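This report concerns only the one structure given below.
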Amino acid sequence: MNSMAARRRHPATLVVMLLLGLLVTGVIYAAVDSGTSAQAADQKWSETQVEAGKKLFAEGCSSCHGLGGGGSSIAPTLIGSGAAAVDFQVSTGRMPLAAPGSQAPVKGVIYSQAEIDAMAAWVASLAPGPAVPSDAMLDTSKADLAMGGELFRTNCAQCHSFAGKGGALSDGTAAPTLMNATPRQIYTAMVTGPASMPVFSNATLTIEDKQSIIKWIGSLQANDNPGGLSLSRLGPVTEGLFVWIVGLGALIIVAIWIGVKAK
Amino acid sequence: MSAVVKAGGAVAEYTDERLGIAPFMKRSLNKVFPDHWSFMLGEIALYSFIILLLSGTYLTLWFKPSMTEIVYNGSYVPLDGVKMSEAYASTLNISFDVRGGLLMRQIHHWAALFFLVAMTVHMLRVFFTGAFRKPRELNWVMGAGLLTLGILEGFAGYSLPDDLLSGTGLRIAEGIVLAIPIIGTWASFLLFNGEFPGLDFIPRLYTVHVLLIPGIILALVTVHLMLVWHQKHTQYPGPGRTEKNVVGFPLLPVYMAKAGGFFFIVFGVTALMSAIITINPIWAFGPYTPDQVSAGSQPDWYMGWLDGAVRITPNWEWNIGAYSISWNIFLPAVVLAGAVFTVMGAYPFIERWATGDNREHHILDRPRNAPTRTALGAMAIAFYGMLWISGGNDIIATTFDLSINTITYVLRIAIFVVPPIIFIITKRICLSLQRRDHDKLLHGIESGNILRTPEGEFIEIHLPLGDKEKAKILGKVDHTPIALESDVDENGVANPKGRTARLRAKFSHWFYGDNVYLPTAAEIEAAEAHAAHEYHEQHSVIDDFRGLEVTSEPVLHSPAIGGHEPNAHEH
């Protein structure tokens, strides 16, 4: 003890202590965090699914993502992307990509759900990653709608707009409209963070939070308009366009009519 | 009928015996107004304002201008249990629990948009027809003031419900105040009584919105209309119309009926739109909290150009010691806005100085007859339009699948390039139309009928101009540019006003230099004599053929030539 006390002012002490601190923090963090990343293990995929997925992947995806899913100069690695990423990208028609661009456009879906599941199983077998939610996780019957609205306005509206109609991002990218998104796609998007979207892990937004957001988006999709026609819910731009063209147009036609009749 | 007349007479007599207003009423009710649809644009603004006062009063009965935080438990379920200000909660209450409340809110908001649209197009009409010229400059200034106040009033109304959109707008307003160098921070603290958003701004804004600005608008509208009354309405050039008369119809019964009817039509259209089309769905935006914002947050259309100016200004900022000067906000939102409103208000005086035109004008200019002014107006519209597009750049980007960066870069250039091009094109079109008028006076109207004389010559028959058309064209006032004064007088002494005079002459030349002068009376007379002669000649030819029947089937002559054509007739 005495010798250690003598060395405590050694120039290397600072470095050693710093490394020690980082190591302890890292170990504790890994121990605590393993709970969230271990969720991938919950998913049960059969061997046949993984095999079928590997084959489908080799045919449809490997030209860009590589035979082992390790990515290439034109496509990211899928090791650790998890089943949720595959499910979101393929079931929304974003993948396979027709051509590289600023953002994957939404096209027609070309794989069946069984095929998507198989590919998801194979990608999930490469390394643990975000898993596809179970039906119970997507059950929003007990979710709090008003809380969903609060969470949506805080976390989602700045890109997807208050009405879920989407919005522009930089350099030709855009937050898409949520009008056609299924609960499963909303969930997988939140846990994988496709394109410019941040990841909302279960530590950031709990499963209950996600359920309320899904419920809120569902209410936006139902699109109740107590005030009449919605004008696409794009805000004052369409209102202004409407009043100038239709509103003023109607009044000018009447004014011309009144002016002409006098002759 | 006689009973009605009797009753009316009794009322009139009763009033006259006490107020002595019969002579005034007689003069007023017989006052003549000219007739044109474009003279009714200002009426739309007036009627929208009346609708705003009526619907606004209804809303004040339930709206609570309070920032006190409460938990909402009203009938709109998606916001049940959400914390919000009383202002927002009472707006929800008006929308969902007050009978007719949502309709009234929508009437109020659509009428506000109509009010500003109508003021804008009314102002454009006045501008393009030169109705602001002497003696009506002061009424123009008042109109510019009304438009400015209308914009402020609209923005205040947009901000009151304290929903997420209006709070975002207020945040930008606060940013604009903060961007004013040196006093910005103090000014913002004064307005908001502390940090944004605070508890005091909404109640303060409410007083401004329901009392101060409407009061000033009402007073200005009254004076604006009294001046129209006193100075009499302008009229377009036409037969029998001079600078000293007004050709039209009396107020009673014609204009009473027309204006009254038009009021109900404006109200009807506004009510119809409000009944079937949502405007400002505040329930969908949610309550305002400073940590939330929605994509696609836009101001109402009349603020869109300023928002657009801010959006395309590069992010220039200076940090001098402890002070920041945000040129990116200050230049577009304070300097540009100030410059635009100043130039707008001062335009009649600028034009009068430049042209040296001190005459009174009661006959309106046709826009083509003031090409430089018309081109300036078109240029201003183009400039405004570019800023408008910038204001909606995000909506345009997502709707048309474009990159918002590209739109921004293109508009940064277009804002300087497009307006001058529009200026040149408009001026050329105006001058061409002047030349066409000139031609019409000298050669009449092309009838489109071609006459072949027995000698084989083809002539297009020109018809003489109608009296109406002729009066319209001859209503033009030809201006000559101010002559350039010499820098020195005859004794070689420098003219003290030389520089200004030179500038003014240059301006005047720029304004009027390209004018296509009307033909002289002698030229028109000669042209008419020539036309009469030609007409006579042509008609002698036509008379020769009178009595011949026109065949319905086209007959193809010289089959030898036409023979190789697949559709040629066989003879």
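Residues are referred to by chain and number: the chain letter is A, B, ... according to the order shown in the structure tokens, the number counts from 1 in that chain, and ligands are numbered separately from 1 in the order shown.
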Within 6 Å of chain B: each chain A residue with its shortest pair, only C-alpha atoms, as a tab-separated table:
residue	atom	partner	partner_atom	distance
A:Leu145	CA	B:Pro78	CA	5.9
A:Ala146	CA	B:Pro78	CA	5.0
A:Thr154	CA	B:Gln292	CA	5.2
A:Ala157	CA	B:Ser294	CA	4.7
A:Gln158	CA	B:Ser294	CA	4.2
A:Cys159	CA	B:Ala295	CA	5.1
A:Ser161	CA	B:Ala295	CA	4.2
A:Phe162	CA	B:Ser294	CA	5.3
A:Gly167	CA	B:Ala295	CA	5.6
A:Ala168	CA	B:Asp394	CA	5.2
A:Asp171	CA	B:Ser403	CA	5.2
A:Gly172	CA	B:Ser403	CA	3.6
A:Gly227	CA	B:Thr278	CA	4.4
A:Gly228	CA	B:Ile277	CA	4.6
A:Leu229	CA	B:Ile277	CA	4.5
A:Ser230	CA	B:Thr278	CA	5.4
A:Pro236	CA	B:Asp300	CA	5.2
A:Gly240	CA	B:Trp301	CA	5.1
A:Ala255	CA	B:Trp37	CA	5.0
A:Ile256	CA	B:Trp37	CA	4.8
A:Gly259	CA	B:Trp37	CA	5.1
Write out, as an mmCIF file, in the first residue's frame, the residues just selected, with C-alpha atoms.
data_model
loop_
_atom_site.group_PDB
_atom_site.id
_atom_site.type_symbol
_atom_site.label_atom_id
_atom_site.label_comp_id
_atom_site.auth_asym_id
_atom_site.auth_seq_id
_atom_site.Cartn_x
_atom_site.Cartn_y
_atom_site.Cartn_z
ATOM 1 C CA LEU A 145 -53.894 8.295 -27.727
ATOM 2 C CA ALA A 146 -53.243 11.766 -26.261
ATOM 3 C CA THR A 154 -42.072 15.984 -29.800
ATOM 4 C CA ALA A 157 -43.609 16.106 -36.320
ATOM 5 C CA GLN A 158 -40.502 18.164 -37.084
ATOM 6 C CA CYS A 159 -39.865 15.930 -40.119
ATOM 7 C CA SER A 161 -45.308 17.226 -40.082
ATOM 8 C CA PHE A 162 -48.118 17.539 -37.556
ATOM 9 C CA GLY A 167 -41.740 16.990 -45.194
ATOM 10 C CA ALA A 168 -38.632 18.028 -47.054
ATOM 11 C CA ASP A 171 -30.450 17.591 -50.634
ATOM 12 C CA GLY A 172 -33.469 15.894 -52.126
ATOM 13 C CA GLY A 227 -63.953 21.366 -40.395
ATOM 14 C CA GLY A 228 -64.813 19.917 -43.803
ATOM 15 C CA LEU A 229 -62.447 19.186 -46.695
ATOM 16 C CA SER A 230 -58.860 19.017 -45.497
ATOM 17 C CA PRO A 236 -51.421 27.599 -44.942
ATOM 18 C CA GLY A 240 -53.521 30.565 -49.580
ATOM 19 C CA ALA A 255 -68.046 41.319 -59.912
ATOM 20 C CA ILE A 256 -67.809 41.034 -63.692
ATOM 21 C CA GLY A 259 -70.582 45.128 -63.868
#
Q. DSSP on the backbone: what in region 36-199 of chain A comes out strand (DSSP E or B), as a PyMOL selection string?
A. chain A and resi 167-168+174-175
Next, write the just-selected residues to a file, as a tab-separated table (two decimals), in the first residue's frame, keeping N, CA and C atoms as the atom set.
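And here is the file that came out, selection-v7.tsv:
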chain	number	residue	atom	x	y	z
A	167	GLY	N	-42.31	15.66	-45.01
A	167	GLY	CA	-41.74	16.99	-45.19
A	167	GLY	C	-40.39	16.88	-45.85
A	168	ALA	N	-39.90	18.02	-46.33
A	168	ALA	CA	-38.63	18.03	-47.05
A	168	ALA	C	-37.46	18.00	-46.08
A	174	ALA	N	-36.26	13.31	-48.08
A	174	ALA	CA	-37.52	13.77	-47.52
A	174	ALA	C	-38.01	12.77	-46.49
A	175	ALA	N	-38.73	13.29	-45.48
A	175	ALA	CA	-39.42	12.39	-44.55
A	175	ALA	C	-40.72	12.00	-45.25
Q) Which polymer residues have any atom within 10 Å of an atom of region 113-124 of chain A, counting only C-alpha atoms, with same-chain residues fewer than 2 positions away left out, as an NGL selection string? A) :A and (40-41 or 43-58 or 61 or 68-69 or 78-91 or 109-111 or 126-132)
(Q) Which residues are near region 498-513 of chain B? Cut-off 6 Å, only C-alpha atoms, ignore same chain within fewer than 2 positions. Put them as a ChimeraX atom specification. (A) /B:354-355,372,481-482,484,487,495-496,515
Q: Check region 56-229 of chain A with DSSP on the backbone and list each residue it calls alpha helix (DSSP H), as a VMD selection string.
A: chain A and resid 56 to 60 62 to 65 82 to 91 113 to 126 145 to 155 157 to 160 183 to 192 207 to 222
**Q.** Who sits within 12 Å of Thr206 (chain A), only C-alpha atoms, same chain under 5 positions skipped, as a PyMOL selection string
**A.** chain A and resi 36+137+143+148+151+187+190-191+200-201+211-213
Q) CA of Lys427 (chain B) to CA of Thr374 (chain B): how many Å, to one decimal? A)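 It comes out at 7.2 Å.
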Q.
Between CA of Met142 (chain B) and CA of Ala339 (chain B), what distance in Å does the model show, to one decimal?
A.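 Atom-to-atom, CA of Met142 (chain B) and CA of Ala339 (chain B) are spaced 17.2 Å apart.
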